[in-house]
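Structure data follow from entry_27.cif (mmCIF, C-alpha atoms):
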data_target
#
loop_
_atom_site.group_PDB
_atom_site.id
_atom_site.type_symbol
_atom_site.label_atom_id
_atom_site.label_comp_id
_atom_site.auth_asym_id
_atom_site.auth_seq_id
_atom_site.Cartn_x
_atom_site.Cartn_y
_atom_site.Cartn_z
ATOM 1 C CA MET R 3 19.780 -19.020 7.794
ATOM 2 C CA LYS R 4 18.102 -21.168 5.156
ATOM 3 C CA SER R 5 18.575 -20.328 1.490
ATOM 4 C CA THR R 6 14.800 -19.850 1.062
ATOM 5 C CA ASN R 7 14.701 -17.287 3.880
ATOM 6 C CA LEU R 8 17.613 -15.381 2.344
ATOM 7 C CA LYS R 9 15.861 -15.385 -1.021
ATOM 8 C CA LYS R 10 12.639 -14.152 0.579
ATOM 9 C CA LEU R 11 14.453 -11.350 2.442
ATOM 10 C CA ALA R 12 16.340 -10.378 -0.711
ATOM 11 C CA THR R 13 13.110 -10.254 -2.708
ATOM 12 C CA LEU R 14 11.414 -8.198 0.015
ATOM 13 C CA GLY R 15 14.405 -5.852 0.076
ATOM 14 C CA VAL R 16 14.140 -5.324 -3.669
ATOM 15 C CA LEU R 17 10.396 -4.690 -3.341
ATOM 16 C CA ALA R 18 11.043 -2.149 -0.561
ATOM 17 C CA ALA R 19 13.606 -0.378 -2.744
ATOM 18 C CA CYS R 20 11.174 -0.378 -5.685
ATOM 19 C CA SER R 21 8.519 1.175 -3.464
ATOM 20 C CA VAL R 22 10.797 4.043 -2.420
ATOM 21 C CA VAL R 23 11.979 4.608 -6.001
ATOM 22 C CA LEU R 24 8.387 4.637 -7.283
ATOM 23 C CA MET R 25 7.465 7.226 -4.674
ATOM 24 C CA LEU R 26 10.395 9.362 -5.776
ATOM 25 C CA ALA R 27 9.723 8.947 -9.482
ATOM 26 C CA VAL R 28 5.927 9.241 -9.672
ATOM 27 C CA ARG R 29 4.042 11.909 -7.788
ATOM 28 C CA ILE R 30 0.852 13.199 -9.349
ATOM 29 C CA PRO R 31 -1.043 15.980 -7.544
ATOM 30 C CA PHE R 32 -4.774 15.495 -7.023
ATOM 31 C CA PRO R 33 -6.318 18.601 -8.700
ATOM 32 C CA PRO R 34 -8.965 19.408 -6.069
ATOM 33 C CA ALA R 35 -6.244 19.365 -3.378
ATOM 34 C CA PRO R 36 -2.688 19.592 -4.779
ATOM 35 C CA PHE R 37 -1.213 18.809 -1.343
ATOM 36 C CA LEU R 38 -2.505 15.252 -1.925
ATOM 37 C CA GLU R 39 -0.378 13.278 -4.380
ATOM 38 C CA TYR R 40 -0.863 9.914 -6.013
ATOM 39 C CA ASP R 41 2.165 7.631 -5.906
ATOM 40 C CA PRO R 42 2.422 3.957 -6.857
ATOM 41 C CA ALA R 43 4.597 3.024 -3.857
ATOM 42 C CA ASP R 44 2.045 0.535 -2.495
ATOM 43 C CA ILE R 45 2.190 -1.676 -5.602
ATOM 44 C CA PRO R 46 5.431 -3.462 -4.591
ATOM 45 C CA ILE R 47 4.000 -3.881 -1.078
ATOM 46 C CA LEU R 48 0.865 -5.539 -2.460
ATOM 47 C CA ILE R 49 2.975 -7.771 -4.688
ATOM 48 C CA GLY R 50 5.061 -8.788 -1.661
ATOM 49 C CA THR R 51 1.856 -9.469 0.257
ATOM 50 C CA PHE R 52 0.515 -11.772 -2.450
ATOM 51 C CA LEU R 53 3.890 -13.491 -2.838
ATOM 52 C CA PHE R 54 4.698 -14.131 0.820
ATOM 53 C CA GLY R 55 1.530 -13.561 2.835
ATOM 54 C CA PRO R 56 -0.115 -10.915 5.007
ATOM 55 C CA ILE R 57 2.444 -10.812 7.825
ATOM 56 C CA TRP R 58 5.337 -10.290 5.405
ATOM 57 C CA GLY R 59 3.241 -7.679 3.576
ATOM 58 C CA PHE R 60 2.627 -5.838 6.834
ATOM 59 C CA GLY R 61 6.328 -6.023 7.719
ATOM 60 C CA LEU R 62 7.208 -4.689 4.277
ATOM 61 C CA THR R 63 4.741 -1.838 4.871
ATOM 62 C CA VAL R 64 6.445 -0.903 8.143
ATOM 63 C CA VAL R 65 9.927 -0.952 6.579
ATOM 64 C CA VAL R 66 8.832 1.079 3.548
ATOM 65 C CA SER R 67 6.880 3.560 5.699
ATOM 66 C CA VAL R 68 9.881 4.242 7.908
ATOM 67 C CA LEU R 69 12.245 4.527 4.914
ATOM 68 C CA GLN R 70 9.886 6.910 3.120
ATOM 69 C CA GLY R 71 9.187 8.849 6.304
ATOM 70 C CA MET R 72 12.902 9.406 6.869
ATOM 71 C CA THR R 73 13.743 10.284 3.249
ATOM 72 C CA VAL R 74 11.223 11.031 0.519
ATOM 73 C CA SER R 75 8.391 12.141 2.808
ATOM 74 C CA ALA R 76 10.425 13.505 5.695
ATOM 75 C CA GLY R 77 8.158 16.564 5.809
ATOM 76 C CA SER R 78 5.250 14.511 7.099
ATOM 77 C CA GLY R 79 7.379 12.986 9.881
ATOM 78 C CA TRP R 80 5.923 10.500 12.319
ATOM 79 C CA ILE R 81 2.380 11.336 11.240
ATOM 80 C CA GLY R 82 3.067 10.209 7.671
ATOM 81 C CA ILE R 83 4.666 7.017 8.934
ATOM 82 C CA VAL R 84 1.714 6.227 11.218
ATOM 83 C CA MET R 85 -0.834 6.949 8.487
ATOM 84 C CA HIS R 86 1.008 4.816 5.923
ATOM 85 C CA VAL R 87 1.498 1.901 8.312
ATOM 86 C CA ALA R 88 -2.172 2.014 9.360
ATOM 87 C CA ALA R 89 -3.708 2.374 5.897
ATOM 88 C CA THR R 90 -1.403 0.250 3.752
ATOM 89 C CA GLY R 91 -0.762 -2.184 6.600
ATOM 90 C CA CYS R 92 -4.490 -2.869 7.002
ATOM 91 C CA PHE R 93 -4.822 -3.240 3.221
ATOM 92 C CA ALA R 94 -1.928 -5.738 3.158
ATOM 93 C CA LEU R 95 -3.254 -7.732 6.102
ATOM 94 C CA LEU R 96 -6.826 -7.982 4.824
ATOM 95 C CA ALA R 97 -5.939 -8.651 1.180
ATOM 96 C CA GLY R 98 -3.186 -11.046 2.195
ATOM 97 C CA PHE R 99 -5.429 -13.120 4.456
ATOM 98 C CA ILE R 100 -8.182 -13.318 1.814
ATOM 99 C CA TYR R 101 -5.737 -14.294 -0.950
ATOM 100 C CA ARG R 102 -3.883 -16.800 1.233
ATOM 101 C CA LYS R 103 -7.133 -18.563 2.153
ATOM 102 C CA HIS R 104 -8.399 -18.673 -1.470
ATOM 103 C CA HIS R 105 -5.441 -18.634 -3.828
ATOM 104 C CA ASP R 106 -7.143 -17.854 -7.146
ATOM 105 C CA ARG R 107 -7.733 -14.906 -9.465
ATOM 106 C CA LYS R 108 -11.326 -14.288 -8.306
ATOM 107 C CA HIS R 109 -10.269 -14.024 -4.666
ATOM 108 C CA ALA R 110 -7.260 -11.896 -5.588
ATOM 109 C CA TYR R 111 -9.706 -9.387 -7.080
ATOM 110 C CA ILE R 112 -11.999 -9.655 -4.042
ATOM 111 C CA ALA R 113 -8.974 -9.172 -1.767
ATOM 112 C CA LEU R 114 -7.901 -6.064 -3.655
ATOM 113 C CA VAL R 115 -11.394 -4.519 -3.647
ATOM 114 C CA CYS R 116 -11.786 -5.189 0.085
ATOM 115 C CA GLY R 117 -8.328 -3.715 0.654
ATOM 116 C CA VAL R 118 -9.204 -0.562 -1.292
ATOM 117 C CA LEU R 119 -12.352 -0.048 0.773
ATOM 118 C CA LEU R 120 -10.563 -0.700 4.071
ATOM 119 C CA GLN R 121 -7.637 1.579 3.200
ATOM 120 C CA THR R 122 -10.063 4.349 2.263
ATOM 121 C CA ALA R 123 -11.939 3.973 5.554
ATOM 122 C CA ILE R 124 -8.717 3.901 7.574
ATOM 123 C CA MET R 125 -7.435 7.017 5.807
ATOM 124 C CA ALA R 126 -10.713 8.824 6.526
ATOM 125 C CA LEU R 127 -10.283 8.068 10.230
ATOM 126 C CA MET R 128 -6.562 8.896 10.183
ATOM 127 C CA ASN R 129 -7.286 12.230 8.488
ATOM 128 C CA LEU R 130 -9.888 13.106 11.112
ATOM 129 C CA TRP R 131 -7.437 12.284 13.882
ATOM 130 C CA LEU R 132 -4.040 13.371 12.534
ATOM 131 C CA THR R 133 -4.610 16.091 9.910
ATOM 132 C CA PRO R 134 -5.682 18.627 12.571
ATOM 133 C CA ILE R 135 -2.401 17.916 14.403
ATOM 134 C CA PHE R 136 -0.202 17.938 11.280
ATOM 135 C CA MET R 137 -1.730 20.867 9.402
ATOM 136 C CA GLY R 138 -3.203 22.793 12.313
ATOM 137 C CA THR R 139 -6.575 22.501 10.591
ATOM 138 C CA PRO R 140 -9.756 22.350 12.645
ATOM 139 C CA THR R 141 -11.520 18.984 12.615
ATOM 140 C CA GLU R 142 -14.583 20.684 11.099
ATOM 141 C CA ALA R 143 -12.497 21.725 8.067
ATOM 142 C CA VAL R 144 -11.278 18.135 7.651
ATOM 143 C CA LEU R 145 -14.883 16.906 7.870
ATOM 144 C CA GLN R 146 -15.879 19.356 5.121
ATOM 145 C CA MET R 147 -13.114 17.932 2.876
ATOM 146 C CA MET R 148 -14.054 14.303 3.575
ATOM 147 C CA ILE R 149 -16.701 13.686 0.865
ATOM 148 C CA PRO R 150 -15.446 15.942 -1.927
ATOM 149 C CA ILE R 151 -11.680 15.372 -1.507
ATOM 150 C CA ILE R 152 -10.299 12.886 1.048
ATOM 151 C CA ILE R 153 -12.507 9.857 0.319
ATOM 152 C CA PRO R 154 -12.364 10.196 -3.498
ATOM 153 C CA PHE R 155 -8.582 10.684 -3.414
ATOM 154 C CA ASN R 156 -8.022 7.596 -1.278
ATOM 155 C CA LEU R 157 -10.415 5.489 -3.355
ATOM 156 C CA LEU R 158 -8.599 6.609 -6.501
ATOM 157 C CA LYS R 159 -5.089 6.076 -5.116
ATOM 158 C CA ALA R 160 -5.804 2.663 -3.593
ATOM 159 C CA GLY R 161 -7.908 1.677 -6.603
ATOM 160 C CA VAL R 162 -5.219 2.496 -9.150
ATOM 161 C CA ASN R 163 -2.618 0.644 -7.071
ATOM 162 C CA ALA R 164 -4.935 -2.379 -6.817
ATOM 163 C CA VAL R 165 -5.654 -2.413 -10.562
ATOM 164 C CA VAL R 166 -1.965 -2.171 -11.460
ATOM 165 C CA THR R 167 -1.178 -4.935 -8.952
ATOM 166 C CA ALA R 168 -3.890 -7.127 -10.498
ATOM 167 C CA LEU R 169 -2.469 -6.504 -13.975
ATOM 168 C CA ILE R 170 1.192 -7.235 -13.196
ATOM 169 C CA TYR R 171 1.242 -9.648 -10.249
ATOM 170 C CA LYS R 172 1.102 -12.926 -12.188
ATOM 171 C CA ARG R 173 3.856 -11.814 -14.572
ATOM 172 C CA ILE R 174 6.115 -10.810 -11.703
ATOM 173 C CA HIS R 175 5.312 -14.019 -9.827
ATOM 174 C CA LYS R 176 6.191 -16.146 -12.871
ATOM 175 C CA PHE R 177 9.415 -14.189 -13.420
ATOM 176 C CA LEU R 178 10.457 -14.641 -9.786
ATOM 177 C CA GLN R 179 9.671 -18.364 -10.016
ATOM 178 C CA ARG R 180 11.827 -18.633 -13.145
ATOM 179 C CA ILE R 181 14.805 -17.100 -11.361
ATOM 180 C CA ASN R 182 14.028 -19.151 -8.237
ATOM 181 C CA LEU R 183 13.057 -16.253 -5.943
ATOM 182 C CA ALA R 184 9.390 -17.103 -5.340
#

With the file now loaded, output its structure as structure tokens.
Amino acid sequence: MKSTNLKKLATLGVLAACSVVLMLAVRIPFPPAPFLEYDPADIPILIGTFLFGPIWGFGLTVVVSVLQGMTVSAGSGWIGIVMHVAATGCFALLAGFIYRKHHDRKHAYIALVCGVLLQTAIMALMNLWLTPIFMGTPTEAVLQMMIPIIIPFNLLKAGVNAVVTALIYKRIHKFLQRINLA
């Protein structure tokens, strides 16, 4: 295996570990619905996406989702894994393709905003489909929570993760270049 591939895999492994640790360390309940919690676990995934491209970002999402689903978020089981892969995976793919095509700050911001909107839409659909199965809640009850709780929570969570990514990505990229990992 080439040295560059080993470096890429090592960097992705560190980002995956950071994602799991961030999920363990930072969990902030959303006041209107304390069963929903903000966590910054997608930030390392978005950084990996911008560093290595959309396919690697999606792969990182799958790895992190399975790790989290088997450890930190074991209570949500396969449903949590599917929801995380769908929502964050779509964010990573869309943002990654936009940023790869136009590699500048303006398009990084556009990529992140588009990703936030897509992740929010995907989570709305996933909640309509999977929350009734997971929580035994009627679909009508999920629909009633959509506008006041589910959509705002997902916009906030994805938005905060996008803003933090925008603020720290260049610094992390420069650091990884200095130590020859990016």

Exercise for the section: For the structure shown, which residues end up in the PyMOL selection byres ((chain R and resi 118) around 12)? Put them as a PyMOL selection string, please? Expected result: chain R and resi 44+48+89-97+111-117+119-125+153-165+167

Exercise for the section: Select all residues near (-8.7, 16.7, -3.5) (cut-off 7 Å, inclusive, file coordinates), counting all atoms listed in the file, and output them as a PyMOL selection string. Expected result: chain R and resi 32-36+38+150-152+155

Problem - Counting only C-alpha atoms, the option among R:Ile30, R:Ala126, R:Leu169, R:Val68 closest to Val144 of chain R - result: R:Ala126

Exercise for the section: May I have the residues within 12 Å of Ala12 of chain R as a list in words, using only C-alpha atoms and disregarding those fewer than 2 positions away in the same chain? Expected result: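 Near Ala12 of chain R, the qualifying residues are Ser5, Thr6, Asn7, Leu8, Lys9, Lys10, Leu14, Gly15, Val16, Leu17, Ala18, Ala19, Gly50, Leu62, Leu178, Asn182, Leu183 and Ala184 of chain R.
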
Handout entry: Residue contacts of Gly82 of chain R (7 Å, all atoms listed in the file) excluding same-chain residues fewer than 4 positions away, as a list of chain:residue names
Key = R:Gly71, R:Ser78, R:His86

Exercise for the section: Give the answer as one residue: which of R:Tyr40, R:Gly55, R:Ala88, R:Asn129 has the shortest atom-to-atom distance to Thr141 of chain R, using all atoms listed in the file? Expected result: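 Among the listed residues, R:Asn129 lies closest to Thr141 of chain R.
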
Problem - Top pick for closest residue to Val64 of chain R, considering R:Gly79, R:Met85, R:Ile49, R:Ile170 and counting all atoms listed in the file - result: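 Among the listed residues, R:Met85 lies closest to Val64 of chain R.
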
Exercise for the section: Give as number ranges by chain the residues that the PyMOL selection byres ((chain R and resi 74) around 12) matches when applied to the coordinates above. Expected result: R: 21-29, 41, 43, 66-73, 75-79, 82-83

Using only C-alpha atoms, please write the residues we just selected to a file, as a PDB file, keeping the file's coordinate frame.
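Contents of selection21.pdb, as written:
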ATOM      1  CA  SER R  21       8.519   1.175  -3.464  1.00  0.00           C
ATOM      2  CA  VAL R  22      10.797   4.043  -2.420  1.00  0.00           C
ATOM      3  CA  VAL R  23      11.979   4.608  -6.001  1.00  0.00           C
ATOM      4  CA  LEU R  24       8.387   4.637  -7.283  1.00  0.00           C
ATOM      5  CA  MET R  25       7.465   7.226  -4.674  1.00  0.00           C
ATOM      6  CA  LEU R  26      10.395   9.362  -5.776  1.00  0.00           C
ATOM      7  CA  ALA R  27       9.723   8.947  -9.482  1.00  0.00           C
ATOM      8  CA  VAL R  28       5.927   9.241  -9.672  1.00  0.00           C
ATOM      9  CA  ARG R  29       4.042  11.909  -7.788  1.00  0.00           C
ATOM     10  CA  ASP R  41       2.165   7.631  -5.906  1.00  0.00           C
ATOM     11  CA  ALA R  43       4.597   3.024  -3.857  1.00  0.00           C
ATOM     12  CA  VAL R  66       8.832   1.079   3.548  1.00  0.00           C
ATOM     13  CA  SER R  67       6.880   3.560   5.699  1.00  0.00           C
ATOM     14  CA  VAL R  68       9.881   4.242   7.908  1.00  0.00           C
ATOM     15  CA  LEU R  69      12.245   4.527   4.914  1.00  0.00           C
ATOM     16  CA  GLN R  70       9.886   6.910   3.120  1.00  0.00           C
ATOM     17  CA  GLY R  71       9.187   8.849   6.304  1.00  0.00           C
ATOM     18  CA  MET R  72      12.902   9.406   6.869  1.00  0.00           C
ATOM     19  CA  THR R  73      13.743  10.284   3.249  1.00  0.00           C
ATOM     20  CA  SER R  75       8.391  12.141   2.808  1.00  0.00           C
ATOM     21  CA  ALA R  76      10.425  13.505   5.695  1.00  0.00           C
ATOM     22  CA  GLY R  77       8.158  16.564   5.809  1.00  0.00           C
ATOM     23  CA  SER R  78       5.250  14.511   7.099  1.00  0.00           C
ATOM     24  CA  GLY R  79       7.379  12.986   9.881  1.00  0.00           C
ATOM     25  CA  GLY R  82       3.067  10.209   7.671  1.00  0.00           C
ATOM     26  CA  ILE R  83       4.666   7.017   8.934  1.00  0.00           C
TER      27      ILE R  83
END

Exercise for the section: Record the distance separating atom CA of Met137 of chain R and atom CA of Trp80 of chain R, expressed in Å with one decimal. Expected result: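 Atom CA of Trp80 of chain R lies 13.2 Å from atom CA of Met137 of chain R.
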
Practice task
Have a look at atom CA of Lys4 of chain R and atom CA of Trp58 of chain R and let me know their distance in Å, one decimal.
Solution key: 16.8 Å

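If you look at atom CA of Ala168 of chain R and atom CA of Phe52 of chain R, they are 10.3 Å away from each other.
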
Problem - Residue nearest Ile100 of chain R among R:Gln179, R:Thr63, R:Thr51, R:Thr13 (counting all atoms listed in the file) - result: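 Closest residue, counting all atoms listed in the file: R:Thr51.
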
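Nearest residue to Val65 of chain R, choosing from R:Val87, R:Pro31, R:Phe136, R:Ile45 and counting all atoms listed in the file: R:Val87.
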
Edge lengths and centre in Å to one decimal, as AutoDock Vina command-line options, is what I'm after for the box along x, y and z that holds all listed atoms of segment 127-140 of chain R once 8 Å is added on each side.
--center_x -5.2 --center_y 15.4 --center_z 11.4 --size_x 26.1 --size_y 30.7 --size_z 21.9
